[in-house]
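Participant: Provided herewith is a single structure, encoded as structure tokens, for subsequent inquiry.
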Amino acid sequence: MFTANLLPRADTGAKRTLLFALIVGGTIFAASLFGIFTRPIGFLAAVWPANAVLLGLMVRYQAFASPAGWLAAFVGYFAADITTGSDLITTAWLSAANMAGAMTGYLLFKLLPEEDRKLRRSISVLYVFAICCLASLASAVTGGGAARMLFGRDFADGLAFWAVSELVNYLIVVPIWLTFPGLQTLRQQWAPFAKLNRDNLMHAAPCLALLISVVAGSAVGGPGTLAFPIPALLWCALTYSMFTTTVLTMALSTWLLISLPADMIPFAHLPNPLRLLDSIRLGVALMALGPLTVASTNAARRELIERLMHQANHDSLTGALSRRALMEHSEACLGELARGTHDASLLMLDIDHFKRVNDRLGHAAGDKALTEFFRLVSAELREDDLFGRTGGEEFAVLLPRTDLIEATGVAERIRAAIEAAKITVPSGERLRMTVSIGVTAQTASDVKDIDDLLLAADRALYEAKAAGRNTVRVGARAARDAA
């Protein structure tokens, strides 16, 4: 019976592993075909994203990095080369080299802290650069010997050409995987590009400047094409998110890797034209470091500012808005609601007999009670409701676009949730709490400021306490407004 119960779970795990392997294999097959079709001279592709895609996929989503996933990746490489006419020996050799680089990079990335893997520190890009260099070298050492078989060059030429090509592909593709924020966050970041208005056009200005610089560089031609877009790309790095910058850097680098080799045609008669191609690709790789470092530094600065702003505007224990932040946000919210003829309501909450918790169980128990109280109340609120701590055990909630009847219903749900909760304090005891709540409202025809609402709700709160606590009362002024 024990074995029978495990069978469905084991079967599900096997199906999941197979699904992930198919995803990896299919992705690498498609990426390899793309790279093969960009080959300018019959050896290494102008853009070969497959190895970088594999590395990024395995680092970002650990569930793919199983033995079955790595085997599927090898099959994807092998199938792409065989499909396009390569012989078995060459295909096996090149596939092994590709795998060597990706696996080396994966093992090195596992040594990095998560914040560096997601490029959240200024130095993170340099760590990624070092890993990409070592991964590129591992791939080049494994595959460099194929240079003589493929185009009659010695091992040194093959090593240099392969290492540089791998490096640039890793640097322009891997950061995209590392910084991908998720589809929901991405829609928010890219929303300004979807609507045409003055503010959004200003936000898109760095991107437009980048496009113009690419066109101008193509018109001028020559090696200088590489430098034309750099100022605009740095502008993008200072303006946009880390992920958006990595996407723009990859798009620009891909264009340069495909278009610049065409400028080499007049130099094809030189003894070693591959050395010139190495120089171009290395230039693209090092160019990518600049905007990535700027974007990473800017993202770290923004995160620090947001953290400091959060600490300044929120209670350090519970996470509720501080009294000052609650007053400022509420005043702005009430003014906006009044212009739009919307109602707003305010709740004042006081934990009943909270001093007894500190006196009987200690301040650690009191802190636990406050944090749990905040969590329980927050679960009953909407995302745009403002929840702040106004005193030791006193809290206030502003409910935008909520009339008095709706606010009273919210208050009653909060009261019932607190009464039903059992909180385990650090000593192991189970604590029961109740809350008294005062409710008031602002109607569109009778605009009050936040001080008026707090005063009316505070009076209602004391009426709730006088009525025996663990109850909800409506303020006198709010009751007249409702009439």
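Here, A, B, ... name the chains of the structure tokens in the order displayed, residue numbers run from 1 inside each chain, and ligands are numbered from 1 in the same displayed order.
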Can you tell me, as a CSV table (one decimal) with all heavy atoms, in the first residue's frame, what residues are no more than 12 Å from stretch 115-131 of chain A when counting only C-alpha atoms, ignoring any on the same chain fewer than 6 positions away?
Facilitator:
chain,number,residue,atom,x,y,z
A,52,ALA,N,24.3,30.7,-24.7
A,52,ALA,CA,23.9,31.6,-23.7
A,52,ALA,C,22.4,31.4,-23.2
A,52,ALA,O,22.1,31.6,-22.1
A,52,ALA,CB,24.0,33.0,-24.3
A,55,LEU,N,22.6,28.5,-20.8
A,55,LEU,CA,23.2,28.9,-19.6
A,55,LEU,C,22.2,29.7,-18.7
A,55,LEU,O,22.0,29.4,-17.6
A,55,LEU,CB,24.5,29.7,-19.8
A,55,LEU,CG,25.1,30.2,-18.5
A,55,LEU,CD1,25.5,29.1,-17.5
A,55,LEU,CD2,26.4,31.0,-18.9
A,56,GLY,N,21.6,30.7,-19.4
A,56,GLY,CA,20.6,31.5,-18.7
A,56,GLY,C,19.4,30.7,-18.2
A,56,GLY,O,18.9,30.9,-17.1
A,59,VAL,N,20.5,28.6,-15.1
A,59,VAL,CA,20.8,29.4,-14.0
A,59,VAL,C,19.5,30.0,-13.4
A,59,VAL,O,19.3,30.0,-12.1
A,59,VAL,CB,21.8,30.5,-14.3
A,59,VAL,CG1,21.9,31.5,-13.1
A,59,VAL,CG2,23.1,29.9,-14.7
A,60,ARG,N,18.6,30.5,-14.2
A,60,ARG,CA,17.4,31.1,-13.7
A,60,ARG,C,16.3,30.2,-13.2
A,60,ARG,O,15.7,30.4,-12.2
A,60,ARG,CB,16.8,32.0,-14.8
A,60,ARG,CG,15.6,32.9,-14.4
A,60,ARG,CD,16.0,33.8,-13.3
A,60,ARG,NE,14.8,34.5,-12.8
A,60,ARG,CZ,14.4,35.7,-13.3
A,60,ARG,NH1,15.0,36.3,-14.3
A,60,ARG,NH2,13.3,36.3,-12.7
A,61,TYR,N,16.2,29.0,-13.9
A,61,TYR,CA,15.2,28.0,-13.5
A,61,TYR,C,15.9,26.7,-13.2
A,61,TYR,O,16.1,25.9,-14.1
A,61,TYR,CB,14.2,27.9,-14.7
A,61,TYR,CG,13.5,29.2,-15.1
A,61,TYR,CD1,13.9,29.9,-16.2
A,61,TYR,CD2,12.6,29.8,-14.2
A,61,TYR,CE1,13.3,31.1,-16.6
A,61,TYR,CE2,12.0,31.0,-14.6
A,61,TYR,CZ,12.4,31.7,-15.7
A,61,TYR,OH,11.8,32.9,-16.1
A,101,GLY,N,31.0,24.8,-22.4
A,101,GLY,CA,30.9,26.2,-22.0
A,101,GLY,C,29.7,26.4,-21.1
A,101,GLY,O,29.8,27.1,-20.1
A,102,ALA,N,28.5,25.9,-21.5
A,102,ALA,CA,27.3,26.2,-20.7
A,102,ALA,C,27.4,25.5,-19.3
A,102,ALA,O,27.0,26.1,-18.3
A,102,ALA,CB,26.1,25.6,-21.5
A,103,MET,N,27.9,24.3,-19.3
A,103,MET,CA,28.0,23.6,-18.0
A,103,MET,C,29.0,24.3,-17.1
A,103,MET,O,28.8,24.4,-15.8
A,103,MET,CB,28.4,22.2,-18.2
A,103,MET,CG,27.3,21.4,-18.9
A,103,MET,SD,27.6,19.6,-19.1
A,103,MET,CE,27.2,19.1,-17.4
A,104,THR,N,30.1,24.8,-17.6
A,104,THR,CA,31.1,25.5,-16.8
A,104,THR,C,30.5,26.8,-16.3
A,104,THR,O,30.7,27.1,-15.1
A,104,THR,CB,32.4,25.9,-17.7
A,104,THR,OG1,33.0,24.7,-18.2
A,104,THR,CG2,33.4,26.7,-16.9
A,105,GLY,N,29.8,27.5,-17.1
A,105,GLY,CA,29.2,28.8,-16.6
A,105,GLY,C,28.1,28.5,-15.6
A,105,GLY,O,28.0,29.2,-14.6
A,106,TYR,N,27.4,27.4,-15.7
A,106,TYR,CA,26.3,27.0,-14.7
A,106,TYR,C,27.0,26.7,-13.4
A,106,TYR,O,26.5,27.2,-12.3
A,106,TYR,CB,25.6,25.8,-15.2
A,106,TYR,CG,24.6,25.3,-14.2
A,106,TYR,CD1,23.4,25.9,-13.9
A,106,TYR,CD2,24.9,24.1,-13.5
A,106,TYR,CE1,22.5,25.4,-13.0
A,106,TYR,CE2,24.0,23.6,-12.6
A,106,TYR,CZ,22.8,24.2,-12.3
A,106,TYR,OH,22.0,23.7,-11.4
A,107,LEU,N,28.0,26.0,-13.3
A,107,LEU,CA,28.7,25.6,-12.1
A,107,LEU,C,29.3,26.9,-11.4
A,107,LEU,O,29.2,27.0,-10.2
A,107,LEU,CB,29.8,24.6,-12.3
A,107,LEU,CG,29.3,23.2,-12.8
A,107,LEU,CD1,30.5,22.3,-13.2
A,107,LEU,CD2,28.5,22.5,-11.7
A,108,LEU,N,29.8,27.8,-12.2
A,108,LEU,CA,30.4,29.0,-11.6
A,108,LEU,C,29.3,29.9,-11.1
A,108,LEU,O,29.4,30.6,-10.1
A,108,LEU,CB,31.2,29.8,-12.7
A,108,LEU,CG,32.5,29.0,-13.1
A,108,LEU,CD1,33.2,29.8,-14.3
A,108,LEU,CD2,33.5,29.0,-11.9
A,109,PHE,N,28.1,30.0,-11.8
A,109,PHE,CA,27.0,30.9,-11.4
A,109,PHE,C,26.5,30.4,-10.0
A,109,PHE,O,26.0,31.2,-9.2
A,109,PHE,CB,25.9,30.9,-12.4
A,109,PHE,CG,26.0,32.1,-13.3
A,109,PHE,CD1,26.3,31.9,-14.7
A,109,PHE,CD2,25.9,33.4,-12.9
A,109,PHE,CE1,26.4,33.0,-15.5
A,109,PHE,CE2,26.0,34.5,-13.7
A,109,PHE,CZ,26.2,34.3,-15.1
A,137,LEU,N,36.1,30.3,-22.5
A,137,LEU,CA,37.4,29.6,-22.7
A,137,LEU,C,37.2,28.1,-22.6
A,137,LEU,O,37.8,27.4,-23.4
A,137,LEU,CB,38.3,30.1,-21.5
A,137,LEU,CG,39.7,29.5,-21.6
A,137,LEU,CD1,40.4,30.0,-22.9
A,137,LEU,CD2,40.5,30.0,-20.4
A,138,ALA,N,36.3,27.6,-21.7
A,138,ALA,CA,36.1,26.2,-21.7
A,138,ALA,C,35.5,25.7,-23.0
A,138,ALA,O,35.9,24.6,-23.5
A,138,ALA,CB,35.1,25.9,-20.5
A,166,GLU,N,32.0,33.3,-28.4
A,166,GLU,CA,31.2,32.8,-27.2
A,166,GLU,C,31.0,34.0,-26.2
A,166,GLU,O,29.9,34.1,-25.7
A,166,GLU,CB,31.9,31.6,-26.6
A,166,GLU,CG,31.7,30.3,-27.3
A,166,GLU,CD,30.3,29.8,-27.2
A,166,GLU,OE1,29.9,29.2,-26.2
A,166,GLU,OE2,29.6,30.1,-28.2
A,167,LEU,N,32.1,34.7,-26.0
A,167,LEU,CA,32.0,35.8,-25.0
A,167,LEU,C,30.9,36.8,-25.3
A,167,LEU,O,30.1,37.2,-24.5
A,167,LEU,CB,33.4,36.4,-24.8
A,167,LEU,CG,33.4,37.6,-23.9
A,167,LEU,CD1,33.1,37.1,-22.4
A,167,LEU,CD2,34.8,38.3,-23.9
A,168,VAL,N,30.9,37.3,-26.6
A,168,VAL,CA,30.0,38.3,-26.9
A,168,VAL,C,28.5,37.7,-26.9
A,168,VAL,O,27.6,38.4,-26.4
A,168,VAL,CB,30.3,38.9,-28.3
A,168,VAL,CG1,30.1,37.8,-29.4
A,168,VAL,CG2,29.4,40.1,-28.6
A,169,ASN,N,28.3,36.5,-27.2
A,169,ASN,CA,27.0,35.9,-27.2
A,169,ASN,C,26.5,35.8,-25.7
A,169,ASN,O,25.4,36.0,-25.4
A,169,ASN,CB,27.0,34.6,-27.9
A,169,ASN,CG,27.0,34.7,-29.4
A,169,ASN,OD1,26.1,35.3,-30.0
A,169,ASN,ND2,28.0,34.3,-30.0
A,170,TYR,N,27.4,35.3,-24.8
A,170,TYR,CA,27.1,35.2,-23.4
A,170,TYR,C,26.7,36.6,-22.8
A,170,TYR,O,25.7,36.7,-22.1
A,170,TYR,CB,28.2,34.6,-22.6
A,170,TYR,CG,28.3,33.1,-22.7
A,170,TYR,CD1,29.6,32.5,-23.0
A,170,TYR,CD2,27.2,32.3,-22.5
A,170,TYR,CE1,29.7,31.1,-23.0
A,170,TYR,CE2,27.3,30.9,-22.6
A,170,TYR,CZ,28.6,30.3,-22.8
A,170,TYR,OH,28.7,29.0,-22.9
A,171,LEU,N,27.5,37.6,-23.2
A,171,LEU,CA,27.3,38.9,-22.6
A,171,LEU,C,26.0,39.6,-23.0
A,171,LEU,O,25.5,40.4,-22.3
A,171,LEU,CB,28.5,39.8,-22.8
A,171,LEU,CG,29.8,39.5,-22.0
A,171,LEU,CD1,30.9,40.4,-22.5
A,171,LEU,CD2,29.5,39.6,-20.5
A,172,ILE,N,25.6,39.3,-24.2
A,172,ILE,CA,24.4,40.0,-24.7
A,172,ILE,C,23.1,39.2,-24.4
A,172,ILE,O,22.0,39.8,-24.5
A,172,ILE,CB,24.5,40.3,-26.2
A,172,ILE,CG1,24.5,39.1,-27.0
A,172,ILE,CG2,25.7,41.2,-26.4
A,172,ILE,CD1,24.5,39.4,-28.5
A,173,VAL,N,23.2,37.9,-24.1
A,173,VAL,CA,22.0,37.1,-23.9
A,173,VAL,C,21.8,36.7,-22.5
A,173,VAL,O,20.6,36.8,-21.9
A,173,VAL,CB,22.1,35.8,-24.8
A,173,VAL,CG1,20.9,34.9,-24.5
A,173,VAL,CG2,22.1,36.2,-26.3
A,174,VAL,N,22.8,36.3,-21.7
A,174,VAL,CA,22.6,35.8,-20.4
A,174,VAL,C,22.0,36.9,-19.5
A,174,VAL,O,21.1,36.5,-18.7
A,174,VAL,CB,24.0,35.3,-19.8
A,174,VAL,CG1,23.9,35.1,-18.3
A,174,VAL,CG2,24.4,34.0,-20.5
A,175,PRO,N,22.4,38.2,-19.5
A,175,PRO,CA,21.8,39.1,-18.6
A,175,PRO,C,20.3,39.3,-18.8
A,175,PRO,O,19.6,39.6,-17.8
A,175,PRO,CB,22.5,40.5,-19.0
A,175,PRO,CG,23.8,40.0,-19.5
A,175,PRO,CD,23.6,38.7,-20.2
A,176,ILE,N,19.8,39.0,-20.0
A,176,ILE,CA,18.3,39.0,-20.2
A,176,ILE,C,17.6,38.0,-19.3
A,176,ILE,O,16.6,38.2,-18.6
A,176,ILE,CB,18.0,38.8,-21.6
A,176,ILE,CG1,18.4,40.0,-22.4
A,176,ILE,CG2,16.5,38.5,-21.8
A,176,ILE,CD1,18.1,39.9,-23.9
A,177,TRP,N,18.2,36.8,-19.3
A,177,TRP,CA,17.6,35.7,-18.4
A,177,TRP,C,17.8,36.1,-16.9
A,177,TRP,O,16.8,35.8,-16.1
A,177,TRP,CB,18.3,34.4,-18.7
A,177,TRP,CG,18.0,33.8,-20.0
A,177,TRP,CD1,18.7,33.9,-21.1
A,177,TRP,CD2,16.9,32.9,-20.3
A,177,TRP,NE1,18.1,33.2,-22.1
A,177,TRP,CE2,16.9,32.6,-21.6
A,177,TRP,CE3,15.8,32.5,-19.5
A,177,TRP,CZ2,16.0,31.8,-22.2
A,177,TRP,CZ3,14.8,31.7,-20.1
A,177,TRP,CH2,14.9,31.3,-21.5
A,178,LEU,N,18.9,36.6,-16.6
A,178,LEU,CA,19.1,36.9,-15.1
A,178,LEU,C,18.2,38.0,-14.6
A,178,LEU,O,17.9,38.0,-13.4
A,178,LEU,CB,20.6,37.3,-14.9
A,178,LEU,CG,21.7,36.3,-15.4
A,178,LEU,CD1,23.1,36.8,-15.1
A,178,LEU,CD2,21.5,35.0,-14.6
A,179,THR,N,17.8,39.0,-15.5
A,179,THR,CA,17.1,40.1,-15.0
A,179,THR,C,15.6,40.1,-15.4
A,179,THR,O,14.9,41.1,-15.1
A,179,THR,CB,17.7,41.4,-15.6
A,179,THR,OG1,17.7,41.4,-17.0
A,179,THR,CG2,19.2,41.6,-15.1
A,180,PHE,N,15.2,39.0,-16.0
A,180,PHE,CA,13.7,39.0,-16.4
A,180,PHE,C,12.8,39.1,-15.2
A,180,PHE,O,12.9,38.3,-14.3
A,180,PHE,CB,13.5,37.7,-17.2
A,180,PHE,CG,12.0,37.5,-17.6
A,180,PHE,CD1,11.5,38.4,-18.5
A,180,PHE,CD2,11.2,36.5,-17.0
A,180,PHE,CE1,10.1,38.3,-18.9
A,180,PHE,CE2,9.9,36.4,-17.4
A,180,PHE,CZ,9.4,37.3,-18.4
A,181,PRO,N,12.0,40.1,-15.1
A,181,PRO,CA,11.2,40.4,-13.9
A,181,PRO,C,9.9,39.7,-13.8
A,181,PRO,O,9.2,39.8,-12.8
A,181,PRO,CB,10.9,41.9,-14.0
A,181,PRO,CG,10.8,42.2,-15.5
A,181,PRO,CD,11.7,41.2,-16.2
A,241,SER,N,14.6,50.3,-16.9
A,241,SER,CA,14.9,49.2,-16.0
A,241,SER,C,16.1,48.4,-16.5
A,241,SER,O,16.5,48.5,-17.6
A,241,SER,CB,13.7,48.3,-15.8
A,241,SER,OG,13.5,47.6,-17.0
A,242,MET,N,16.6,47.6,-15.6
A,242,MET,CA,17.8,46.7,-15.9
A,242,MET,C,17.4,45.8,-17.1
A,242,MET,O,18.2,45.6,-18.0
A,242,MET,CB,18.2,45.9,-14.7
A,242,MET,CG,19.4,45.1,-14.9
A,242,MET,SD,20.9,46.1,-15.1
A,242,MET,CE,22.1,44.9,-15.7
A,243,PHE,N,16.2,45.2,-17.0
A,243,PHE,CA,15.8,44.2,-18.0
A,243,PHE,C,15.7,44.9,-19.4
A,243,PHE,O,16.1,44.4,-20.4
A,243,PHE,CB,14.5,43.5,-17.7
A,243,PHE,CG,14.0,42.6,-18.7
A,243,PHE,CD1,14.6,41.4,-18.9
A,243,PHE,CD2,12.9,42.9,-19.5
A,243,PHE,CE1,14.2,40.5,-19.9
A,243,PHE,CE2,12.5,42.1,-20.5
A,243,PHE,CZ,13.1,40.8,-20.7
A,246,THR,N,19.0,45.5,-20.9
A,246,THR,CA,19.6,44.3,-21.5
A,246,THR,C,19.0,43.9,-22.8
A,246,THR,O,19.7,43.4,-23.7
A,246,THR,CB,19.5,43.1,-20.5
A,246,THR,OG1,18.1,42.8,-20.3
A,246,THR,CG2,20.1,43.4,-19.2
A,285,ALA,N,31.4,42.9,-27.6
A,285,ALA,CA,31.3,42.3,-26.3
A,285,ALA,C,31.7,43.3,-25.2
A,285,ALA,O,30.9,43.5,-24.2
A,285,ALA,CB,32.2,41.1,-26.1
A,286,LEU,N,32.8,44.1,-25.4
A,286,LEU,CA,33.2,45.0,-24.4
A,286,LEU,C,32.3,46.2,-24.3
A,286,LEU,O,32.1,46.9,-23.3
A,286,LEU,CB,34.6,45.4,-24.6
A,286,LEU,CG,35.7,44.3,-24.5
A,286,LEU,CD1,37.1,44.8,-24.8
A,286,LEU,CD2,35.6,43.7,-23.1
A,288,ALA,N,29.1,46.1,-24.7
A,288,ALA,CA,27.9,45.7,-23.9
A,288,ALA,C,28.1,45.9,-22.4
A,288,ALA,O,27.2,46.1,-21.7
A,288,ALA,CB,27.5,44.3,-24.2
A,289,LEU,N,29.4,45.8,-22.0
A,289,LEU,CA,29.6,46.0,-20.5
A,289,LEU,C,29.3,47.3,-20.0
A,289,LEU,O,28.8,47.5,-18.8
A,289,LEU,CB,31.1,45.7,-20.2
A,289,LEU,CG,31.6,44.3,-20.3
A,289,LEU,CD1,33.1,44.2,-20.0
A,289,LEU,CD2,30.9,43.4,-19.3
A,290,GLY,N,29.5,48.4,-20.8
A,290,GLY,CA,29.2,49.7,-20.3
A,290,GLY,C,27.8,50.0,-19.9
A,290,GLY,O,27.5,50.3,-18.7
A,291,PRO,N,26.8,49.8,-20.8
A,291,PRO,CA,25.4,50.1,-20.4
A,291,PRO,C,24.9,49.1,-19.3
A,291,PRO,O,24.1,49.5,-18.5
A,291,PRO,CB,24.6,49.9,-21.7
A,291,PRO,CG,25.5,49.2,-22.6
A,291,PRO,CD,26.9,49.6,-22.2
A,292,LEU,N,25.4,47.8,-19.4
A,292,LEU,CA,25.0,46.9,-18.3
A,292,LEU,C,25.5,47.3,-17.0
A,292,LEU,O,24.7,47.2,-16.0
A,292,LEU,CB,25.5,45.5,-18.7
A,292,LEU,CG,24.9,44.8,-19.9
A,292,LEU,CD1,25.6,43.4,-20.1
A,292,LEU,CD2,23.4,44.7,-19.8
A,293,THR,N,26.7,47.8,-16.9
A,293,THR,CA,27.2,48.3,-15.6
A,293,THR,C,26.5,49.5,-15.1
A,293,THR,O,26.1,49.6,-13.9
A,293,THR,CB,28.7,48.6,-15.7
A,293,THR,OG1,29.4,47.4,-16.1
A,293,THR,CG2,29.3,49.0,-14.4
A,294,VAL,N,26.2,50.4,-16.0
A,294,VAL,CA,25.5,51.6,-15.7
A,294,VAL,C,24.1,51.3,-15.2
A,294,VAL,O,23.6,51.8,-14.2
A,294,VAL,CB,25.4,52.6,-16.9
A,294,VAL,CG1,24.4,53.8,-16.6
A,294,VAL,CG2,26.8,53.2,-17.2
A,295,ALA,N,23.4,50.4,-15.9
A,295,ALA,CA,22.0,50.0,-15.5
A,295,ALA,C,22.0,49.3,-14.2
A,295,ALA,O,21.1,49.5,-13.4
A,295,ALA,CB,21.4,49.1,-16.6
A,296,SER,N,23.0,48.4,-14.0
A,296,SER,CA,23.1,47.7,-12.7
A,296,SER,C,23.3,48.7,-11.5
A,296,SER,O,22.7,48.6,-10.5
A,296,SER,CB,24.2,46.7,-12.8
A,296,SER,OG,24.3,46.0,-11.5
A,297,THR,N,24.2,49.6,-11.7
A,297,THR,CA,24.5,50.6,-10.7
A,297,THR,C,23.3,51.5,-10.4
A,297,THR,O,22.9,51.8,-9.3
A,297,THR,CB,25.7,51.5,-11.1
A,297,THR,OG1,26.8,50.7,-11.3
A,297,THR,CG2,26.0,52.5,-10.0
A,298,ASN,N,22.6,51.9,-11.5
A,298,ASN,CA,21.4,52.7,-11.4
A,298,ASN,C,20.3,51.9,-10.7
A,298,ASN,O,19.5,52.5,-9.8
A,298,ASN,CB,20.9,53.1,-12.7
A,298,ASN,CG,20.0,54.4,-12.7
A,298,ASN,OD1,20.3,55.3,-11.9
A,298,ASN,ND2,19.0,54.4,-13.5
A,299,ALA,N,20.1,50.6,-11.0
A,299,ALA,CA,19.1,49.8,-10.3
A,299,ALA,C,19.4,49.6,-8.9
A,299,ALA,O,18.5,49.7,-8.0
A,299,ALA,CB,19.1,48.4,-11.0
A,300,ALA,N,20.7,49.5,-8.5
A,300,ALA,CA,21.1,49.3,-7.1
A,300,ALA,C,20.8,50.6,-6.4
A,300,ALA,O,20.3,50.6,-5.2
A,300,ALA,CB,22.6,49.0,-7.0
A,301,ARG,N,21.0,51.8,-7.0
A,301,ARG,CA,20.8,53.1,-6.4
A,301,ARG,C,19.3,53.3,-6.2
A,301,ARG,O,18.8,53.7,-5.1
A,301,ARG,CB,21.3,54.2,-7.3
A,301,ARG,CG,21.1,55.6,-6.7
A,301,ARG,CD,21.6,56.6,-7.7
A,301,ARG,NE,20.9,56.6,-9.0
A,301,ARG,CZ,19.8,57.3,-9.2
A,301,ARG,NH1,19.2,58.0,-8.2
A,301,ARG,NH2,19.2,57.2,-10.4
A,302,ARG,N,18.5,52.9,-7.2
A,302,ARG,CA,17.0,53.0,-7.1
A,302,ARG,C,16.5,52.1,-5.9
A,302,ARG,O,15.6,52.5,-5.2
A,302,ARG,CB,16.3,52.6,-8.4
A,302,ARG,CG,16.5,53.6,-9.5
A,302,ARG,CD,15.9,53.1,-10.8
A,302,ARG,NE,16.0,54.0,-11.9
A,302,ARG,CZ,15.7,53.7,-13.1
A,302,ARG,NH1,15.2,52.5,-13.4
A,302,ARG,NH2,15.8,54.6,-14.1
A,303,GLU,N,17.0,50.9,-5.9
A,303,GLU,CA,16.6,50.0,-4.8
A,303,GLU,C,16.9,50.5,-3.4
A,303,GLU,O,16.1,50.4,-2.5
A,303,GLU,CB,17.2,48.6,-5.0
A,303,GLU,CG,16.7,47.6,-4.1
A,303,GLU,CD,17.3,46.2,-4.3
A,303,GLU,OE1,17.9,46.0,-5.4
A,303,GLU,OE2,17.1,45.3,-3.5
A,304,LEU,N,18.1,51.1,-3.3
A,304,LEU,CA,18.5,51.7,-2.0
A,304,LEU,C,17.6,52.9,-1.7
A,304,LEU,O,17.1,53.0,-0.5
A,304,LEU,CB,19.9,52.2,-2.1
A,304,LEU,CG,20.5,52.9,-0.9
A,304,LEU,CD1,20.4,52.0,0.4
A,304,LEU,CD2,21.9,53.4,-1.1
Participant: Residues of stretch 256-359 of chain A that approach stretch 407-431 of chain A to 8 Å or less, counting only C-alpha atoms: could you list each one with the shortest pair of atoms and its distance in Å to one decimal, rows by chain and increasing residue number, as a tab-separated table?
Facilitator:
residue	atom	partner	partner_atom	distance
A:Ser345	CA	A:Ala407	CA	6.2
A:Leu346	CA	A:Ala407	CA	7.7
A:Leu347	CA	A:Ala411	CA	7.2
Participant: Among the residues of stretch 214-421 of chain A, find those DSSP assigns to strand (DSSP E) from the backbone and print them as a PyMOL selection string.
Facilitator: chain A and resi 344-351+386-389+394-400
Participant: Which residues are close to A:Glu328, i.e. within 12 Å by only C-alpha atoms, leaving aside same-chain residues fewer than 3 positions away? Reply as a list in words.
Facilitator: Asn313, Leu321, Ser322, Arg323, Arg324, Ala325, Glu331, Ala332, Cys333, Leu334, Gly335, Leu386, Gly388, Leu398, Asp449, Ile450 and Asp451 of chain A
Participant: Could you write those residues out with C-alpha atoms, as a PDB file, in the first residue's frame?
Facilitator:
ATOM      1  CA  ASN A 313       7.305  56.105   5.523  1.00  0.00           C
ATOM      2  CA  LEU A 321       2.376  53.501   7.163  1.00  0.00           C
ATOM      3  CA  SER A 322       3.817  55.862   9.743  1.00  0.00           C
ATOM      4  CA  ARG A 323       1.497  58.554  11.109  1.00  0.00           C
ATOM      5  CA  ARG A 324       3.203  61.262   9.053  1.00  0.00           C
ATOM      6  CA  ALA A 325       3.056  59.218   5.837  1.00  0.00           C
ATOM      7  CA  GLU A 331      -4.665  64.329   2.395  1.00  0.00           C
ATOM      8  CA  ALA A 332      -3.613  63.872  -1.230  1.00  0.00           C
ATOM      9  CA  CYS A 333      -6.070  61.009  -1.710  1.00  0.00           C
ATOM     10  CA  LEU A 334      -9.002  62.955  -0.220  1.00  0.00           C
ATOM     11  CA  GLY A 335      -8.324  65.933  -2.459  1.00  0.00           C
ATOM     12  CA  LEU A 386      -4.164  53.277   3.251  1.00  0.00           C
ATOM     13  CA  GLY A 388      -1.225  53.321   9.084  1.00  0.00           C
ATOM     14  CA  LEU A 398      -8.519  55.256   4.822  1.00  0.00           C
ATOM     15  CA  ASP A 449      -9.695  67.195   5.561  1.00  0.00           C
ATOM     16  CA  ILE A 450      -7.968  64.261   7.200  1.00  0.00           C
ATOM     17  CA  ASP A 451      -7.926  65.935  10.622  1.00  0.00           C
TER      18      ASP A 451
END
Participant: In stretch 82-247 of chain A, what's alpha helix (DSSP H) per DSSP? Answer as a ChimeraX atom specification?
Facilitator: /A:82-83,88-109,114-117,124-143,146-151,155-179,183-190,198-220,230-239,242-247
Participant: Between atom CA of A:Gly319 and atom CA of A:Asp367, what is the distance in Å, rounded to a tenth?
Facilitator: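 Calculated distance between atom CA of A:Gly319 and atom CA of A:Asp367 is 12.0 Å.
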